[in-house]
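So the structure is just underneath, and the comments pick up after that.
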Amino acid sequence: MVEDLNPRNVPARAVKLLPAVIGFFFSFRLFFVLLTTHVLNADPQTGVMLSLGLNYILLAIVVFHSIGNAPRTLASITRLPCYRWVLCFLGFSGVSLIWSATSSVPAAVAFWCAMAADLAMVILLLRTDAAVDISSSIMKGYVYGACCIALIAWIMPAQSDLRLGDDEFLGPNQIGYACAFAVFFAQYLMRAERGRWKLPTAFLAITLLRSLSKTTIFAFVAGEAVIFMWDKSISRKTKIALLLGTVLVFVIFWGLLTSYYDVYTNAGNQAETLTGRLGIWAFILDKSLEQPWIGHGFHSVWKVIPPFGSDQFEARHAHNELLQQFYAYGVVGIFLLIALYGSFFRQIKRLSKSPLRALLLGLLVFVVVRGLADTEAFDLSLPLWAIAMFSAIIAEFRTNNSIMPSASFETLTALSELDNEAFSQKKEAYDNPR
């Protein structure tokens with residue numbers, strides 16, 4: 001059990017509005033295309049333009065917000081571990097636009113700028129205040145956005161194969177990934193004593209199961225298993241209660257799961273099944289070998305790779321993260337992917353044994369396992385902005401823990417919010433208890 005040393009006299013700060021809005025946007029933007037097509041009766045491009053436009057507007061607001069003096073400089077932020085690889089990946093993907101085999105160069109440039117804007121917003125926000133304070137607000141916004149997506153998914157009619165979502169514009173894998181990622185954020189917030197998140201966590205976890213996103217569910221279970229094994233702050237009573245609750249949820253959904261299994265096993269010609277994915281992997285691997293060193297460039301799958309199967313499934317990506325990077329950026333892409341995740345793993349390993357270390361290891365296992373059969377069209381399964389955010393949190397926690405090595409996760413979270421003078425006073429009180 002981690003010793004509870006949380007100083008109750010440290011006032012909890014309110015949620016910072018701008019970081020929370022950014023976090024909400026990161027998750028809720030999945031809904032924009034569906035909103036414009038099903039609610040506004042517009043074409044899908046309108047939803048994409050809405051998402052991109054809001055992305056650029058939020059970046060402009062963050063830039064304006066960050067003007068002036070701040071506790072840290074951009075140079076100090078970008079010197080943190082992992083940032084060099086994050087910037088290298090972003091830079092190489094941008095350069096690849098020169099030779100990209102995309103169906104639309106302007107669209108590819110717009111999507112790359114949006115990915116860069118995500119990262120820029122987080123870095124600029126981290127410059128303005130304590131990393132754990134800014135990051136917690138971003139995570140809260142992301143969880144709220146994911147809960148909205150989950151609620152919409154429950155209200156919508158189920159797909160023909162019984163899964164949540166829309167056949168064209170909001171797939172079950174997108175819903176499942178947003179919910180799973182938000183659960184890890186909610187777990188961080190609970191451990192950092194940033195409010196009550198048990199109900200949202202349960203709702204998101206149940207929605208993940210109901211989405212029937214097989215890869216995401218399997219990856220989520222693997223990540224949570226790591227947390228259960230390594231997080232000593234979780235009591236045995238809590239672990240038993242969580243396991244019993246999980247079993248109960250599976251029992252409740254057993255009829256749905258068996259019905260879906262029947263549909264899935266009788267639809268082996270569909271591209272979404274394992275048989276279909278094998279065909280996608282084989283085709284994209286063959287195309288990757290045509291340009292093995294620098295790949296086909298950013299945004300070179302959608303509307304470029306021909307449709308698969310009798311249902312003419314159009315793949316947005318390779319459905320495997322390593323293969324996706326090999327196809328898009330060649331050997332360079334594989335090297336950058338391994339270097340980036342490896343750097344993040346080494347940074348996590350440098351943390352002392354703590355709930356934060358266990359949580360981040362579980363998150364990394366989740367994205368790696370999910371990457372075996374699914375990925376993102378542009379960004380990584382662990383987005384660049386999330387790597388930058390967690391890298392800053394780890395650096396701040398390591399700094400504080402080197403001063404107060406026996407302090408708990410909650411203590412270090414609270415202390416990192418204080419200004420330098422208040423932190424020195426709290427440290428002196430800690431070192432010299434009355």
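Quick note on naming: the chains in the structure tokens go A, B, ... in the order shown, residues restart at 1 in each chain, and ligands are numbered from 1 in order of appearance.
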**Message:** Residues within 7 Å of region 294-309 of chain A, please, as a PyMOL selection string. Count only C-alpha atoms; anything in the same chain fewer than 2 positions from it doesn't count.
**Reply:** chain A and resi 93+96-97+99-103+108+269-271+288+291-292+311-317+326-332+378
Mind writing the picked residues with C-alpha atoms as a tab-separated table (two decimals), in the first residue's frame?
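Result file is again05.tsv:
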chain	number	residue	atom	x	y	z
A	93	SER	CA	5.75	12.71	-41.66
A	96	SER	CA	6.89	12.84	-46.62
A	97	LEU	CA	4.15	15.04	-48.08
A	99	TRP	CA	6.47	12.25	-52.19
A	100	SER	CA	3.15	11.15	-50.71
A	101	ALA	CA	0.98	8.98	-52.97
A	102	THR	CA	-2.13	10.57	-51.48
A	103	SER	CA	-5.36	11.07	-53.40
A	108	ALA	CA	-3.12	15.53	-46.65
A	269	ASN	CA	-15.68	-12.71	-46.30
A	270	GLN	CA	-16.01	-9.28	-44.70
A	271	ALA	CA	-12.87	-7.15	-44.46
A	288	SER	CA	5.20	-1.45	-48.91
A	291	GLN	CA	9.18	1.66	-51.57
A	292	PRO	CA	10.77	0.06	-48.50
A	311	ASP	CA	-18.64	-5.50	-49.56
A	312	GLN	CA	-16.00	-3.14	-51.06
A	313	PHE	CA	-14.51	-2.19	-47.69
A	314	GLU	CA	-12.29	0.91	-48.00
A	315	ALA	CA	-9.39	0.76	-45.55
A	316	ARG	CA	-8.29	4.00	-43.91
A	317	HIS	CA	-5.09	2.39	-42.61
A	326	PHE	CA	6.30	0.69	-42.86
A	327	TYR	CA	3.84	1.46	-45.67
A	328	ALA	CA	3.74	5.21	-44.96
A	329	TYR	CA	7.40	5.87	-44.03
A	330	GLY	CA	9.31	2.70	-44.85
A	331	VAL	CA	12.20	1.52	-42.70
A	332	VAL	CA	12.50	5.04	-41.34
A	378	PHE	CA	-2.53	9.64	-39.23
**Request:** Mind the document's chain letters and residue numbers, and return as a ChimeraX atom specification the residues of region 272-310 of chain A that DSSP labels helix (DSSP H, G or I).
**Result:** /A:274-288
**Item:** Spatial neighbours of Ala114 (chain A), max dist 10 Å, only C-alpha atoms, sep filter under 6 positions, as a list in words
**Value:**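 Contacts, with the query itself left out: Ser51, Leu52, Gly53, Leu54, Asn55, Tyr56, Leu59, Ala108, Ala120 and Phe378 of chain A.
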**Item:** Nearby residues (only C-alpha atoms) at most 9 Å from Leu34 (chain A), same-chain spacing under 4 positions excluded, as a list in words
**Value:**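 Skipping anything fewer than 4 positions along the chain leaves Leu30, His38, Val39, Pro44, Gly47, Asp166, Glu168, Phe169 and Leu170 of chain A.
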Write the selection just made, keeping N, CA and C atoms, as a PDB file, in the first residue's frame?
ATOM      1  N   LEU A  30     -14.694  12.884 -32.973  1.00  0.00           N
ATOM      2  CA  LEU A  30     -15.134  11.692 -33.692  1.00  0.00           C
ATOM      3  C   LEU A  30     -16.566  11.846 -34.208  1.00  0.00           C
ATOM      4  N   HIS A  38     -25.900  13.099 -40.534  1.00  0.00           N
ATOM      5  CA  HIS A  38     -27.173  12.568 -40.042  1.00  0.00           C
ATOM      6  C   HIS A  38     -28.058  13.630 -39.398  1.00  0.00           C
ATOM      7  N   VAL A  39     -27.477  14.686 -38.882  1.00  0.00           N
ATOM      8  CA  VAL A  39     -28.274  15.715 -38.199  1.00  0.00           C
ATOM      9  C   VAL A  39     -28.449  16.944 -39.089  1.00  0.00           C
ATOM     10  N   PRO A  44     -20.129  14.472 -45.939  1.00  0.00           N
ATOM     11  CA  PRO A  44     -19.077  14.160 -44.964  1.00  0.00           C
ATOM     12  C   PRO A  44     -17.941  15.183 -44.950  1.00  0.00           C
ATOM     13  N   GLY A  47     -18.267  17.815 -42.328  1.00  0.00           N
ATOM     14  CA  GLY A  47     -17.859  17.404 -40.985  1.00  0.00           C
ATOM     15  C   GLY A  47     -16.361  17.428 -40.811  1.00  0.00           C
ATOM     16  N   ASP A 166     -21.928   3.625 -36.371  1.00  0.00           N
ATOM     17  CA  ASP A 166     -22.470   3.806 -37.709  1.00  0.00           C
ATOM     18  C   ASP A 166     -21.559   3.108 -38.708  1.00  0.00           C
ATOM     19  N   GLU A 168     -20.598   3.857 -41.602  1.00  0.00           N
ATOM     20  CA  GLU A 168     -19.708   4.685 -42.411  1.00  0.00           C
ATOM     21  C   GLU A 168     -18.890   5.687 -41.613  1.00  0.00           C
ATOM     22  N   PHE A 169     -19.493   6.348 -40.612  1.00  0.00           N
ATOM     23  CA  PHE A 169     -18.870   7.542 -40.058  1.00  0.00           C
ATOM     24  C   PHE A 169     -18.495   7.474 -38.581  1.00  0.00           C
ATOM     25  N   LEU A 170     -18.886   6.424 -37.871  1.00  0.00           N
ATOM     26  CA  LEU A 170     -18.486   6.298 -36.463  1.00  0.00           C
ATOM     27  C   LEU A 170     -18.448   4.817 -36.117  1.00  0.00           C
TER      28      LEU A 170
END
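Distances to Leu384 (chain A) were evaluated for A:Asp118, A:Asp262, A:Asp43, A:Asp286 using only C-alpha atoms, and the minimum falls at A:Asp118.
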**Message:** Set the distance at 9 Å and use only C-alpha atoms: which residues neighbour Tyr341 (chain A) once local chain neighbours fewer than 4 positions away are removed? I'd like the list as a list in words.
**Reply:**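 Residues near the query, excluding close chain neighbours: Cys82, Leu336, Leu337, Phe345, Arg346, Leu364, Val368, Leu382 and Ile387 of chain A.
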**Distance in Å - CA of Phe24 (chain A) versus CA of Gln174 (chain A)** =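 Separating CA of Phe24 (chain A) from CA of Gln174 (chain A) is a distance of 15.4 Å.
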**Asked** Which of these residues is nearest to Gly223 (chain A), using only C-alpha atoms: A:Arg370, A:Arg350, A:Arg277, A:Arg84?
**Response**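 The shortest atom-to-atom distance to Gly223 (chain A) comes from A:Arg370.
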**Request:** Pick out the residues sitting within 10 Å of Thr207 (chain A), and hand them over as an NGL selection string; count only C-alpha atoms, and ignore anything fewer than 6 positions along from it in its own chain.
**Result:** :A and (147 or 149-151 or 153-154 or 164 or 175-176 or 179-180 or 201)
With only C-alpha atoms as the counted atoms, please give the residues lying no more than 8 Å from Leu125 (chain A), apart from itself and same-chain residues fewer than 2 positions off, as a JSON list (two decimals) with C-alpha atoms, in the first residue's frame.
[["chain", "number", "residue", "atom", "x", "y", "z"],
["A", 19, "PRO", "CA", -7.10, 22.65, -21.38],
["A", 62, "VAL", "CA", -3.98, 28.60, -27.24],
["A", 66, "SER", "CA", 0.30, 31.50, -24.06],
["A", 121, "MET", "CA", -1.56, 23.04, -28.26],
["A", 122, "VAL", "CA", -0.45, 20.61, -25.57],
["A", 123, "ILE", "CA", 3.14, 21.87, -25.56],
["A", 127, "ARG", "CA", 4.51, 25.92, -20.81],
["A", 128, "THR", "CA", 1.96, 28.01, -18.89],
["A", 129, "ASP", "CA", 1.56, 25.99, -15.68],
["A", 134, "ILE", "CA", -2.64, 21.22, -17.17]]
**Request:** Using CA of Leu322 (chain A) and CA of Trp112 (chain A) as the two end points, give the distance in Å to one decimal.
**Result:**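 A separation of 19.3 Å between them.
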